[in-house]
Amino acid sequence: MSEQSLRIKSPHLKLAAGRKPSGSSSPGHLSDISRHAPASGSPFRASWTKTHSLMDYPLRSIGTFGPTMERVRSNFAFDGMTAVQRRRGSKERKGFANLCDFASLRCNVWLMISRSTDWCFGHISMKSIRILPLFCFVIALFSGVAHTDASDEIPGVPQTQPIALTGGTVFPISQPPIENGVVLFDKGRIVAVGTAESVEIPVEAKQVDCNGKHVYPGLFEAHSQLGLTEVSAVRASDDRSEVGSLNPNVKAHVSVNPDSELIPVTRVNGVLLALTEPSSGLIAGQAAVLQLDGWTCEDLTLKPGAAMVVNWPSVPKELEKGQTATESDAVARLRKLLGEARAYTEARKQSPETQPTDLRLEALQPVLSRKVPLLVHADSLAVIQSAVSFAVEQKLRLIIHGGYDAPLCAELLKKHDVPVIIGAAYRLPRRRSDDFDAGYSLASRLHEAGIRFCISGGETSRTWNARNLPYHAAVSVAYGLPHDIALRAITLSPAEILGVSKRVGSLEPGKDATLIVTTGDPLETASNVTAAWVQGRTVDLSSRHVQLYRKYRKKYEQLRESK
């Protein structure tokens, strides 16, 4: 859109295209606006004069909006009513409705922010309180405009009639595959799974023919930051980290963006469940299990506090060599915090009325009671042993993420029942002396050692490629992992490790109807997902990738026809 075509369609606000008049003050001021003042004798002249003096305020002093608004103001001159005048009378309030005109929304938001900010910063009084809600609304509105566009896919509606998937090969995961099987679900829950002869289909049920296709539970990505990051290079779309190093009270699920374009892209390949987690500091916060369909973050959240994420510090070289050394400062801080949390628990029991609430210590109570595990990022042998030793000492549940050297301490992990989330199958050897296929065969070696594990692709595929989860399992199969165990490692095993196996992970009566229909084995790249449901809601399998494919396929069809 050109500058000359930009107009605000409010009867009281006009945006005049063009550069700042010559002889104006520095870009951070609006002193040149006097050339657009209301005529002498106008009922708005007095208010305009007062507000104009307040608007002559250096933008550089109002924080992060300053540089951006300087650029906007240097391109446009404003005339018409001021912020004070616009809030007067019903007629003026109706003018605000015109600001929502879609064609000029961005320009209007910039105008409202610039004027409201100047007015609020220059005139703090009881009267200014009346404009603060409007100012906050405009800030939020602008934030939505500035961020990346929301996905176009519409979340499914709650199930209104029974649905029966018939004729396909059903893979319940918890039991052997069923040829010519039937999966019946109603009100978002699985009612029956079995052969066509053993399952009675209600008359009112909608039957979906799956002849020649496969039916699986939704795939489960056990490590990601879906919903917390969109474009990592764009700070406004990256909400993975929090200020400070000890943040047990941070909850990942409240920051999830349900309109992320990465969610539809991920579920197109059958990944309907994911663990999303914060990433910064010693204690990053609480990870959450998401189901990838819903209007709000509450709709997406299956389990809000699935694990407490800890970035375990590196182990001193002396300990790696077997020599004596003191523990790192980070571990000492963690030990001290847990001690304070236990003391806080006792104080709350003794005098709940007088002991003030501490959100950080309160968030650690489920960890101390073993209801929530620590999810520790650890690859090297020394770090894994340090984390396990600490968890045993503090009597905490522990999950290891990464686990590159986990086979080297298999007996320790089995003894204390510590499961491993494999960071990725696609990864290079960590040491020059390692076999080239050390990462590829990790799942197979953990399986042979009898260690509980599941497979993730998050360490190398990153959040934007979480859709590649089944191919990490496929590589593990190519390097020795049994096929049925590989399927389990991306469905039921992560559900068991993260404490949601009573609801998802396998096709069993009573569990959520979160499942997919595919043209073949999901571990093979040639297979496609043809249908999916999340708690019985039909999932829209379109995505940004699908839309671009259709767009450019049409382009080349047109080019072919024109020749």
# chains A, B, ... in the order shown; residues from 1 in each chain; ligands from 1

$ select_by_dssp --residues "region 312-526 of chain A" --states "strand (DSSP E)" --output "NGL selection string"
:A and (374-378 or 398-402 or 420-422 or 453-455 or 515-518)

$ residues_around --residues "region 376-384 of chain A" --least-positions-apart "5" --cutoff "9 Å" --atoms "only C-alpha atoms" --output "PyMOL selection string"
chain A and resi 308-315+319-320+389+398-406+408-409+423+430

$ write_last_selection --atoms "N, CA, C and O atoms" --output "tab-separated table (two decimals), in the first residue's frame"
chain	number	residue	atom	x	y	z
A	308	MET	N	9.28	-30.65	35.87
A	308	MET	CA	10.03	-29.45	36.21
A	308	MET	C	11.36	-29.51	35.46
A	308	MET	O	12.17	-30.41	35.69
A	309	VAL	N	11.57	-28.56	34.57
A	309	VAL	CA	12.73	-28.60	33.67
A	309	VAL	C	13.95	-28.01	34.37
A	309	VAL	O	13.91	-26.89	34.89
A	310	VAL	N	15.04	-28.78	34.38
A	310	VAL	CA	16.30	-28.36	34.99
A	310	VAL	C	17.42	-28.52	33.98
A	310	VAL	O	17.57	-29.60	33.38
A	311	ASN	N	18.18	-27.47	33.76
A	311	ASN	CA	19.36	-27.53	32.90
A	311	ASN	C	20.55	-27.84	33.80
A	311	ASN	O	21.13	-26.94	34.41
A	312	TRP	N	20.90	-29.12	33.88
A	312	TRP	CA	21.91	-29.54	34.83
A	312	TRP	C	23.28	-28.97	34.47
A	312	TRP	O	23.68	-29.01	33.30
A	313	PRO	N	23.99	-28.44	35.44
A	313	PRO	CA	25.30	-27.84	35.15
A	313	PRO	C	26.33	-28.89	34.76
A	313	PRO	O	26.21	-30.07	35.10
A	314	SER	N	27.35	-28.46	34.05
A	314	SER	CA	28.43	-29.37	33.67
A	314	SER	C	29.20	-29.79	34.93
A	314	SER	O	29.25	-29.07	35.92
A	315	VAL	N	29.77	-30.99	34.85
A	315	VAL	CA	30.48	-31.56	35.99
A	315	VAL	C	31.95	-31.13	35.95
A	315	VAL	O	32.57	-31.15	34.88
A	319	LEU	N	35.95	-34.39	38.80
A	319	LEU	CA	35.03	-35.50	39.04
A	319	LEU	C	35.02	-36.46	37.86
A	319	LEU	O	34.87	-37.67	38.04
A	320	GLU	N	35.13	-35.94	36.64
A	320	GLU	CA	35.15	-36.81	35.47
A	320	GLU	C	36.38	-37.72	35.52
A	320	GLU	O	36.35	-38.85	35.04
A	389	SER	N	22.50	-39.13	41.16
A	389	SER	CA	22.94	-39.09	42.55
A	389	SER	C	22.18	-38.03	43.34
A	389	SER	O	21.74	-38.27	44.48
A	398	LEU	N	13.04	-38.61	38.57
A	398	LEU	CA	13.96	-38.04	37.59
A	398	LEU	C	13.69	-38.60	36.20
A	398	LEU	O	13.42	-39.80	36.04
A	399	ILE	N	13.75	-37.72	35.20
A	399	ILE	CA	13.72	-38.12	33.78
A	399	ILE	C	14.95	-37.50	33.13
A	399	ILE	O	15.22	-36.31	33.32
A	400	ILE	N	15.68	-38.30	32.38
A	400	ILE	CA	16.84	-37.80	31.65
A	400	ILE	C	16.45	-37.50	30.22
A	400	ILE	O	15.85	-38.36	29.54
A	401	HIS	N	16.76	-36.29	29.75
A	401	HIS	CA	16.55	-35.96	28.35
A	401	HIS	C	17.91	-35.85	27.67
A	401	HIS	O	18.82	-35.20	28.18
A	402	GLY	N	18.04	-36.44	26.51
A	402	GLY	CA	19.32	-36.49	25.80
A	402	GLY	C	19.84	-37.90	25.85
A	402	GLY	O	19.66	-38.69	24.92
A	403	GLY	N	20.51	-38.25	26.96
A	403	GLY	CA	20.87	-39.63	27.24
A	403	GLY	C	21.88	-40.28	26.33
A	403	GLY	O	21.88	-41.51	26.18
A	404	TYR	N	22.76	-39.51	25.72
A	404	TYR	CA	23.72	-40.07	24.77
A	404	TYR	C	24.57	-41.16	25.43
A	404	TYR	O	24.81	-42.23	24.85
A	405	ASP	N	25.03	-40.93	26.65
A	405	ASP	CA	25.86	-41.91	27.36
A	405	ASP	C	25.06	-42.78	28.31
A	405	ASP	O	25.65	-43.49	29.15
A	406	ALA	N	23.75	-42.79	28.21
A	406	ALA	CA	22.92	-43.57	29.13
A	406	ALA	C	23.25	-45.06	29.12
A	406	ALA	O	23.23	-45.70	30.19
A	408	LEU	N	26.01	-46.42	29.08
A	408	LEU	CA	27.21	-46.64	29.88
A	408	LEU	C	26.91	-46.72	31.37
A	408	LEU	O	27.76	-47.19	32.14
A	409	CYS	N	25.74	-46.22	31.78
A	409	CYS	CA	25.35	-46.33	33.20
A	409	CYS	C	23.98	-46.99	33.29
A	409	CYS	O	23.12	-46.56	34.07
A	423	GLY	N	17.20	-37.64	22.91
A	423	GLY	CA	17.13	-36.30	22.32
A	423	GLY	C	16.86	-36.32	20.83
A	423	GLY	O	16.13	-35.48	20.32
A	430	ARG	N	29.47	-37.73	19.71
A	430	ARG	CA	29.97	-36.67	20.58
A	430	ARG	C	31.49	-36.68	20.69
A	430	ARG	O	32.09	-35.67	20.99

$ residues_around --residues "region 247-262 of chain A" --least-positions-apart "2" --cutoff "8 Å" --atoms "only C-alpha atoms" --output "MDAnalysis selection string"
chainID A and resid 150:151 226:228 230 239 242 244:245 264:266 276:278 281 283:288 293:298 300:301 304:305 308 359:364 463:464 543:544

$ atom_distance --atom1 "CA of His545 (chain A)" --atom2 "CA of Lys213 (chain A)"
23.5 Å

$ residues_around --residues "Tyr216 (chain A)" --least-positions-apart "4" --cutoff "7 Å" --atoms "only C-alpha atoms" --output "PyMOL selection string"
chain A and resi 170-172+515-517

$ closest_residue --among "A:Cys210, A:Leu548, A:Ala478, A:Ala495" --to "Glu524 (chain A)" --atoms "only C-alpha atoms"
A:Ala478

$ closest_residue --among "A:Ala425, A:Ala489, A:Leu272, A:Ile201" --to "Gly218 (chain A)" --atoms "only C-alpha atoms"
A:Leu272

$ select_by_dssp --residues "region 160-346 of chain A" --states "helix (DSSP H, G or I)" --output "VMD selection string"
chain A and resid 235 to 237 252 to 255 262 to 267 297 to 300 317 to 320 329 to 346

$ residues_around --residues "region 471-473 of chain A" --least-positions-apart "6" --cutoff "9 Å" --atoms "only C-alpha atoms" --output "MDAnalysis selection string"
chainID A and resid 424:426 440 443 455:457 481 483 486:487 489:490 522:525

$ write_last_selection --atoms "N, CA, C and O atoms" --output "short mmCIF file (atom, residue, chain, number, x, y, z; two decimals), in the first residue's frame"
data_model
loop_
_atom_site.label_atom_id
_atom_site.label_comp_id
_atom_site.auth_asym_id
_atom_site.auth_seq_id
_atom_site.Cartn_x
_atom_site.Cartn_y
_atom_site.Cartn_z
N ALA A 424 17.43 -37.26 20.11
CA ALA A 424 17.25 -37.38 18.67
C ALA A 424 18.01 -38.60 18.20
O ALA A 424 19.03 -38.99 18.80
N ALA A 425 17.53 -39.23 17.14
CA ALA A 425 18.29 -40.31 16.50
C ALA A 425 19.25 -39.75 15.47
O ALA A 425 20.33 -40.30 15.25
N TYR A 426 18.84 -38.66 14.83
CA TYR A 426 19.70 -37.99 13.86
C TYR A 426 20.69 -37.10 14.60
O TYR A 426 20.40 -35.94 14.88
N TYR A 440 22.37 -43.15 16.08
CA TYR A 440 21.35 -43.94 15.40
C TYR A 440 20.96 -45.19 16.20
O TYR A 440 19.80 -45.60 16.20
N ALA A 443 18.72 -45.92 20.71
CA ALA A 443 17.45 -46.53 21.15
C ALA A 443 17.57 -48.04 21.25
O ALA A 443 17.07 -48.66 22.20
N ILE A 455 11.38 -41.85 22.24
CA ILE A 455 12.16 -41.17 21.21
C ILE A 455 11.58 -39.79 20.94
O ILE A 455 10.36 -39.63 20.79
N SER A 456 12.46 -38.81 20.89
CA SER A 456 12.09 -37.45 20.51
C SER A 456 12.99 -37.01 19.36
O SER A 456 14.05 -37.58 19.13
N GLY A 457 12.55 -36.00 18.65
CA GLY A 457 13.39 -35.42 17.61
C GLY A 457 13.77 -33.99 17.92
O GLY A 457 14.38 -33.31 17.10
N LEU A 481 16.48 -51.43 16.40
CA LEU A 481 15.32 -51.39 17.30
C LEU A 481 14.14 -52.10 16.66
O LEU A 481 13.80 -51.83 15.51
N HIS A 483 10.51 -52.97 15.30
CA HIS A 483 9.54 -52.03 14.75
C HIS A 483 8.43 -51.70 15.75
O HIS A 483 8.04 -50.54 15.90
N ALA A 486 9.63 -49.37 18.36
CA ALA A 486 9.80 -48.01 17.82
C ALA A 486 8.47 -47.27 17.80
O ALA A 486 8.40 -46.08 18.15
N LEU A 487 7.40 -47.96 17.38
CA LEU A 487 6.07 -47.34 17.40
C LEU A 487 5.66 -46.99 18.83
O LEU A 487 5.10 -45.92 19.09
N ALA A 489 7.66 -46.26 21.18
CA ALA A 489 8.54 -45.20 21.68
C ALA A 489 8.08 -43.81 21.28
O ALA A 489 8.58 -42.81 21.83
N ILE A 490 7.14 -43.70 20.34
CA ILE A 490 6.62 -42.39 19.95
C ILE A 490 5.11 -42.29 20.19
O ILE A 490 4.47 -41.37 19.70
N PRO A 522 3.54 -45.14 9.40
CA PRO A 522 3.93 -43.73 9.58
C PRO A 522 5.44 -43.53 9.65
O PRO A 522 5.91 -42.41 9.49
N LEU A 523 6.21 -44.61 9.87
CA LEU A 523 7.67 -44.49 9.88
C LEU A 523 8.25 -44.37 8.48
O LEU A 523 9.43 -44.07 8.33
N GLU A 524 7.43 -44.60 7.48
CA GLU A 524 7.88 -44.47 6.10
C GLU A 524 7.44 -43.12 5.55
O GLU A 524 6.28 -42.72 5.70
N THR A 525 8.36 -42.44 4.88
CA THR A 525 8.08 -41.08 4.40
C THR A 525 6.99 -41.06 3.34
O THR A 525 6.36 -40.02 3.12
#

$ closest_residue --among "A:Ala343, A:Val193, A:Ala274, A:Ile173" --to "Asp484 (chain A)" --atoms "only C-alpha atoms"
A:Ile173

$ closest_residue --among "A:Ser441, A:Ile154, A:Arg452, A:His416" --to "Val477 (chain A)" --atoms "only C-alpha atoms"
A:Ser441
